[in-house]
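K.L.:
Here it is, the structure in full.
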Amino acid sequence: MSDTAASVAEAISAYASAPGKRVYVKSFGCQMNVYDSQRMADLARAEGYEETSELSAADLVVFNTCHIRERAAQKLYSELGKVREIKQARAERGQTTKLVVAGCVAQAEGGEVLRRQPAVDIVVGPQSYHRLPELLRSEHAVVDTDFANEDKFERLPAPSPDAVRARGVTAFVTVQEGCDKFCSFCVVPYTRGAESSRPAAKILSEIERLAAAGAREFTLIGQNVNAYRDAEGCGLADLLARAARLPGVVRLRYSTSHPNDMDEALIAAHAELPALAPCLHLPVQSGSDKILRAMNRKHEAAAYLDIVSRVRRARPDIAFSSDFIVGFPGETEADFQATLALVREVGFASAYAFKYSPRPGTPAAEAADQVPSAVKEERLARLQAALESQRQAFNRATVGRRLSVIFDKPGRHAGQFIGRSPYMQAVYAEAPASCVGLLSEVEITAVGPNSLKGRLPVAT
């Protein structure tokens, strides 16, 4: 027996005599996937499964996948190979393991997932996962990637109060799915479908339930969240205002936005709603108008900068984060310099930058003028250095300030707790256990590479 097989068998043996069924859920990619993974865990719980963090202990394994970047798909298949070994070892002990691949890779590749890894039992797309309980009853491998006609949210069980508390004081709430923008590099319109907004009343009811169970900070999420508008005409600004009035709601965020959908009402909400965090993630992707046209982004760099200016006038203490793609087909050094110029002008508190990765089926993947990998690597390094410099400068500027922090969990040391600032920074400080879930004023005293250190002001 190999060392790997022996370690797998030993891990399985530790759980072999334990009663009950267990589910292991792992999420790849965006916040939407985190939310969907939690709802799949809720579905499994309703079927009698208890959630576990031990892969070897799981009777049901769910990988909720992302298809935005190539590496995410490659990582999935590597993980599936490990689960195949575990599944075989469990079978030798008379234990059954169901393996589910869900999410955007499942939607995009369908039956190809089964071909590449026959150990998979179920392939289910992001618009079909509410049917997971019935799919689990199948005795054969099954692929379900249809865009369902029914409202999947109506079929999803509400998370139990214990599950909400276990997930902490922060919660994601999906308000909108799909995208109609058809950026030339993006698979979302093909894997998530057309834009669709949930009814405001249903969303507010979900937030009320989560708040009653102890959640305090809520992020309203969607592939294009600021395009939210339900059948009654409620837009995102109104939804945020209504959510802010609910008992127990301490802080609100929303993500991810498109510049073209930043309307005046939403900009005004940043000035008018104290619960709305002064932090806006607004992807721009490039500072070059030529590249933005090739990306089919339908906005120019100047328009993006104008939005930044208007939001800052409404909320002077706001911080911006963004997404960038480096080395998009046709990008020249001049185009890249335009991106660096935009970065200097905005000054981002944080940002995500990636090399362009062709996604099969998208227009950009067929472009003839692909940028050499070495050029993409070098440009990415320069951009990330510029963005990291801005992030560190923003963090240093918080020293001496008092920030409102929602503490979430204990830190590594006795008496220490960790929370999030309005700007999504991790903050740790000595505090009483009663601080969890409350909004506390914290004086920032020092900055680390990835967190802030603070102290609660002494009462006078």
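Within each chain, counting starts at residue 1; across the structure tokens, chains are named A, B, ... in the order shown, with ligands numbered 1 upward in that order.
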Would you kindly return, as a list of chain:residue names, each protein, DNA or RNA residue with an atom no farther than 9 Å from any atom of A:Gly48, considering only C-alpha atoms and excluding same-chain residues fewer than 5 positions away?
P.N.:
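The filter keeps A:Gly20, A:Lys21, A:Arg22.
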K.L.:
Selection from above, C-alpha atoms, as a PDB file, in the first residue's frame, can you write it?
P.N.:
ATOM      1  CA  GLY A  20     -24.897   9.697  10.659  1.00  0.00           C
ATOM      2  CA  LYS A  21     -24.279  10.952   7.157  1.00  0.00           C
ATOM      3  CA  ARG A  22     -21.823  13.762   6.439  1.00  0.00           C
TER       4      ARG A  22
END
K.L.:
Identify, with DSSP run on backbone atoms, the residues in stretch 19-174 of chain A assigned to strand (DSSP E or B), and express the list as a ChimeraX atom specification.
P.N.:
/A:21-27,49-51,60-65,98-103,122-124,142-144,170-174
K.L.:
Report, in Å to a single decimal, how far apart atom CA of A:Met295 and atom CA of A:Ala364 are.
P.N.:
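Separating atom CA of A:Ala364 from atom CA of A:Met295 is a distance of 7.6 Å.
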K.L.:
Determine, counting only C-alpha atoms, which protein, DNA and RNA residues have an atom within 12 Å of an atom of A:Ile122; residues of the same chain fewer than 4 positions away are not included. Present the result as a PyMOL selection string.
P.N.:
chain A and resi 60-64+97-103+106-107+110-114+117-118+128-129+131-145
K.L.:
Write out, as a PDB file, in the first residue's frame, the residues just selected, with C-alpha atoms.
P.N.:
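Wrote it out as part.pdb, contents follow:
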ATOM      1  CA  LEU A  60     -21.440  13.302   0.082  1.00  0.00           C
ATOM      2  CA  VAL A  61     -18.777  15.547  -1.486  1.00  0.00           C
ATOM      3  CA  VAL A  62     -19.808  18.685  -3.355  1.00  0.00           C
ATOM      4  CA  PHE A  63     -17.366  20.818  -5.341  1.00  0.00           C
ATOM      5  CA  ASN A  64     -18.974  24.112  -6.367  1.00  0.00           C
ATOM      6  CA  THR A  97     -19.570   8.204  -1.377  1.00  0.00           C
ATOM      7  CA  LYS A  98     -21.518  10.440  -3.724  1.00  0.00           C
ATOM      8  CA  LEU A  99     -19.401  12.967  -5.639  1.00  0.00           C
ATOM      9  CA  VAL A 100     -21.094  16.093  -7.012  1.00  0.00           C
ATOM     10  CA  VAL A 101     -19.604  18.722  -9.324  1.00  0.00           C
ATOM     11  CA  ALA A 102     -21.759  21.854  -9.293  1.00  0.00           C
ATOM     12  CA  GLY A 103     -21.426  25.425 -10.515  1.00  0.00           C
ATOM     13  CA  ALA A 106     -20.426  21.874 -14.467  1.00  0.00           C
ATOM     14  CA  GLN A 107     -22.625  24.141 -16.602  1.00  0.00           C
ATOM     15  CA  GLY A 110     -21.545  19.049 -18.665  1.00  0.00           C
ATOM     16  CA  GLY A 111     -20.901  15.414 -19.592  1.00  0.00           C
ATOM     17  CA  GLU A 112     -17.223  16.141 -20.268  1.00  0.00           C
ATOM     18  CA  VAL A 113     -16.751  16.196 -16.481  1.00  0.00           C
ATOM     19  CA  LEU A 114     -17.920  12.571 -16.314  1.00  0.00           C
ATOM     20  CA  GLN A 117     -13.398  11.793 -14.117  1.00  0.00           C
ATOM     21  CA  PRO A 118     -15.764   8.779 -14.031  1.00  0.00           C
ATOM     22  CA  SER A 128     -30.344  23.570 -11.162  1.00  0.00           C
ATOM     23  CA  TYR A 129     -28.762  22.808  -7.801  1.00  0.00           C
ATOM     24  CA  ARG A 131     -32.874  19.717  -7.552  1.00  0.00           C
ATOM     25  CA  LEU A 132     -29.905  18.131  -5.766  1.00  0.00           C
ATOM     26  CA  PRO A 133     -32.015  16.014  -3.339  1.00  0.00           C
ATOM     27  CA  GLU A 134     -33.803  14.216  -6.182  1.00  0.00           C
ATOM     28  CA  LEU A 135     -30.569  13.856  -8.168  1.00  0.00           C
ATOM     29  CA  LEU A 136     -28.943  12.132  -5.191  1.00  0.00           C
ATOM     30  CA  ARG A 137     -31.558   9.392  -5.412  1.00  0.00           C
ATOM     31  CA  SER A 138     -30.433   8.398  -8.902  1.00  0.00           C
ATOM     32  CA  GLU A 139     -28.603   5.080  -9.167  1.00  0.00           C
ATOM     33  CA  HIS A 140     -26.708   6.257 -12.247  1.00  0.00           C
ATOM     34  CA  ALA A 141     -24.458   9.190 -13.070  1.00  0.00           C
ATOM     35  CA  VAL A 142     -26.545  12.190 -14.052  1.00  0.00           C
ATOM     36  CA  VAL A 143     -25.987  15.569 -15.719  1.00  0.00           C
ATOM     37  CA  ASP A 144     -28.472  18.398 -15.018  1.00  0.00           C
ATOM     38  CA  THR A 145     -27.443  21.660 -16.635  1.00  0.00           C
TER      39      THR A 145
END
K.L.:
Just the residues within 12 Å of A:Ile406, please, counting only C-alpha atoms, with nothing from its chain fewer than 6 positions along; format it as a PyMOL selection string.
P.N.:
chain A and resi 168-170+215-218+249-252+277+417-429+431+434-442
K.L.:
I need the residues from that last selection saved to file as an mmCIF file, in the first residue's frame (with N, CA and C atoms), if you can.
P.N.:
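Result file is again04.cif:
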data_model
loop_
_atom_site.group_PDB
_atom_site.id
_atom_site.type_symbol
_atom_site.label_atom_id
_atom_site.label_comp_id
_atom_site.auth_asym_id
_atom_site.auth_seq_id
_atom_site.Cartn_x
_atom_site.Cartn_y
_atom_site.Cartn_z
ATOM 1 N N GLY A 168 -20.956 32.649 11.167
ATOM 2 C CA GLY A 168 -20.471 33.933 11.642
ATOM 3 C C GLY A 168 -21.488 35.042 11.463
ATOM 4 N N VAL A 169 -21.056 36.264 11.767
ATOM 5 C CA VAL A 169 -21.985 37.397 11.780
ATOM 6 C C VAL A 169 -22.129 38.047 10.412
ATOM 7 N N THR A 170 -21.367 37.592 9.427
ATOM 8 C CA THR A 170 -21.496 38.124 8.075
ATOM 9 C C THR A 170 -22.263 37.126 7.202
ATOM 10 N N ALA A 215 -26.875 37.077 12.271
ATOM 11 C CA ALA A 215 -26.078 37.760 11.253
ATOM 12 C C ALA A 215 -26.246 39.272 11.412
ATOM 13 N N ARG A 216 -25.181 40.021 11.163
ATOM 14 C CA ARG A 216 -25.216 41.470 11.353
ATOM 15 C C ARG A 216 -24.723 42.259 10.136
ATOM 16 N N GLU A 217 -23.836 41.680 9.365
ATOM 17 C CA GLU A 217 -23.324 42.358 8.165
ATOM 18 C C GLU A 217 -23.768 41.560 6.943
ATOM 19 N N PHE A 218 -24.375 42.248 5.981
ATOM 20 C CA PHE A 218 -24.959 41.579 4.826
ATOM 21 C C PHE A 218 -24.385 42.148 3.533
ATOM 22 N N VAL A 249 -29.800 44.641 11.373
ATOM 23 C CA VAL A 249 -28.880 44.944 10.269
ATOM 24 C C VAL A 249 -27.958 46.078 10.711
ATOM 25 N N VAL A 250 -26.673 45.760 10.775
ATOM 26 C CA VAL A 250 -25.683 46.740 11.231
ATOM 27 C C VAL A 250 -24.927 47.348 10.059
ATOM 28 N N ARG A 251 -24.583 46.508 9.080
ATOM 29 C CA ARG A 251 -23.792 47.011 7.939
ATOM 30 C C ARG A 251 -24.242 46.309 6.667
ATOM 31 N N LEU A 252 -24.214 47.069 5.565
ATOM 32 C CA LEU A 252 -24.582 46.552 4.248
ATOM 33 C C LEU A 252 -23.465 46.789 3.255
ATOM 34 N N ALA A 277 -21.637 50.460 3.793
ATOM 35 C CA ALA A 277 -20.192 50.630 4.009
ATOM 36 C C ALA A 277 -19.580 51.541 2.956
ATOM 37 N N PHE A 417 -9.868 39.421 19.583
ATOM 38 C CA PHE A 417 -10.935 39.141 18.624
ATOM 39 C C PHE A 417 -10.612 39.790 17.283
ATOM 40 N N ILE A 418 -11.162 39.201 16.223
ATOM 41 C CA ILE A 418 -10.903 39.665 14.858
ATOM 42 C C ILE A 418 -12.216 40.082 14.218
ATOM 43 N N GLY A 419 -12.173 41.178 13.484
ATOM 44 C CA GLY A 419 -13.349 41.643 12.763
ATOM 45 C C GLY A 419 -12.966 42.321 11.469
ATOM 46 N N ARG A 420 -13.938 43.005 10.869
ATOM 47 C CA ARG A 420 -13.717 43.702 9.608
ATOM 48 C C ARG A 420 -14.039 45.174 9.747
ATOM 49 N N SER A 421 -13.172 45.998 9.174
ATOM 50 C CA SER A 421 -13.423 47.431 9.130
ATOM 51 C C SER A 421 -14.442 47.723 8.030
ATOM 52 N N PRO A 422 -14.919 48.964 7.931
ATOM 53 C CA PRO A 422 -15.808 49.296 6.814
ATOM 54 C C PRO A 422 -15.167 49.057 5.457
ATOM 55 N N TYR A 423 -13.833 49.037 5.419
ATOM 56 C CA TYR A 423 -13.095 48.894 4.159
ATOM 57 C C TYR A 423 -12.648 47.460 3.904
ATOM 58 N N MET A 424 -13.240 46.515 4.604
ATOM 59 C CA MET A 424 -12.971 45.084 4.435
ATOM 60 C C MET A 424 -11.597 44.657 4.949
ATOM 61 N N GLN A 425 -10.946 45.506 5.724
ATOM 62 C CA GLN A 425 -9.657 45.117 6.298
ATOM 63 C C GLN A 425 -9.880 44.249 7.527
ATOM 64 N N ALA A 426 -9.032 43.255 7.692
ATOM 65 C CA ALA A 426 -9.053 42.468 8.919
ATOM 66 C C ALA A 426 -8.458 43.309 10.040
ATOM 67 N N VAL A 427 -9.156 43.365 11.174
ATOM 68 C CA VAL A 427 -8.718 44.148 12.327
ATOM 69 C C VAL A 427 -8.735 43.239 13.551
ATOM 70 N N TYR A 428 -7.637 43.243 14.333
ATOM 71 C CA TYR A 428 -7.649 42.479 15.569
ATOM 72 C C TYR A 428 -7.339 43.391 16.748
ATOM 73 N N ALA A 429 -7.969 43.080 17.880
ATOM 74 C CA ALA A 429 -7.802 43.897 19.081
ATOM 75 C C ALA A 429 -8.211 43.090 20.293
ATOM 76 N N ALA A 431 -10.508 42.543 23.239
ATOM 77 C CA ALA A 431 -11.888 42.973 23.427
ATOM 78 C C ALA A 431 -12.637 41.914 24.218
ATOM 79 N N SER A 434 -18.286 39.742 24.460
ATOM 80 C CA SER A 434 -19.579 40.344 24.139
ATOM 81 C C SER A 434 -19.528 41.252 22.917
ATOM 82 N N CYS A 435 -18.313 41.512 22.397
ATOM 83 C CA CYS A 435 -18.173 42.406 21.241
ATOM 84 C C CYS A 435 -18.617 41.743 19.944
ATOM 85 N N VAL A 436 -18.682 40.407 19.908
ATOM 86 C CA VAL A 436 -18.983 39.703 18.664
ATOM 87 C C VAL A 436 -20.373 40.089 18.164
ATOM 88 N N GLY A 437 -20.421 40.536 16.920
ATOM 89 C CA GLY A 437 -21.680 40.926 16.311
ATOM 90 C C GLY A 437 -22.060 42.372 16.541
ATOM 91 N N LEU A 438 -21.266 43.077 17.349
ATOM 92 C CA LEU A 438 -21.561 44.483 17.620
ATOM 93 C C LEU A 438 -20.644 45.387 16.813
ATOM 94 N N LEU A 439 -21.083 46.591 16.572
ATOM 95 C CA LEU A 439 -20.263 47.597 15.897
ATOM 96 C C LEU A 439 -19.450 48.327 16.958
ATOM 97 N N SER A 440 -18.135 48.165 16.923
ATOM 98 C CA SER A 440 -17.256 48.753 17.931
ATOM 99 C C SER A 440 -16.322 49.763 17.302
ATOM 100 N N GLU A 441 -16.154 50.891 17.980
ATOM 101 C CA GLU A 441 -15.166 51.869 17.537
ATOM 102 C C GLU A 441 -13.780 51.400 17.974
ATOM 103 N N VAL A 442 -12.887 51.264 17.017
ATOM 104 C CA VAL A 442 -11.543 50.766 17.296
ATOM 105 C C VAL A 442 -10.523 51.776 16.793
#
K.L.:
Which neighbours of A:Val311 fall inside 6 Å, counting only C-alpha atoms, when residues of the same chain fewer than 3 positions from it are skipped, and could you give them as a short mmCIF file (atom, residue, chain, number, x, y, z; two decimals) with N, CA and C atoms, in the first residue's frame?
P.N.:
data_model
loop_
_atom_site.label_atom_id
_atom_site.label_comp_id
_atom_site.auth_asym_id
_atom_site.auth_seq_id
_atom_site.Cartn_x
_atom_site.Cartn_y
_atom_site.Cartn_z
N ILE A 267 -25.69 56.11 -6.25
CA ILE A 267 -24.63 57.01 -5.76
C ILE A 267 -25.12 57.77 -4.53
N VAL A 308 -16.25 57.57 -10.37
CA VAL A 308 -15.43 57.63 -9.16
C VAL A 308 -15.53 59.01 -8.52
N ALA A 314 -20.25 62.30 -3.16
CA ALA A 314 -21.35 61.88 -2.31
C ALA A 314 -20.86 61.32 -0.97
#
K.L.:
Atom CA of A:Arg84 and atom CA of A:Asn33, how far apart in Å?
P.N.:
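Atom-to-atom, atom CA of A:Asn33 to atom CA of A:Arg84, that is 23.1 Å.
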K.L.:
Smallest atom-to-atom distance to A:Arg253: which of A:Thr445, A:Gln392, A:Thr174, A:Ser286, using only C-alpha atoms?
P.N.:
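Checking each of A:Thr445, A:Gln392, A:Thr174, A:Ser286 against A:Arg253, counting only C-alpha atoms, the winner is A:Thr174.
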K.L.:
With only C-alpha atoms as the atoms that count, which of A:Gly233, A:Pro372, A:Pro259, A:Gly448 lies nearest to A:Thr398?
P.N.:
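Going through A:Gly233, A:Pro372, A:Pro259, A:Gly448 one by one, the smallest distance to A:Thr398 is for A:Gly448.
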K.L.:
Rank nothing, just name the residue among A:Ala212, A:Ala108, A:Ala231, A:Val284 nearest to A:Val164, using only C-alpha atoms.
P.N.:
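Of the candidates, the smallest distance to A:Val164 is held by A:Ala212.
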K.L.:
Atom CA of A:Arg45 to atom CA of A:Arg165: how many Å, to one decimal?
P.N.:
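For atom CA of A:Arg45 relative to atom CA of A:Arg165, the distance reads 15.0 Å.
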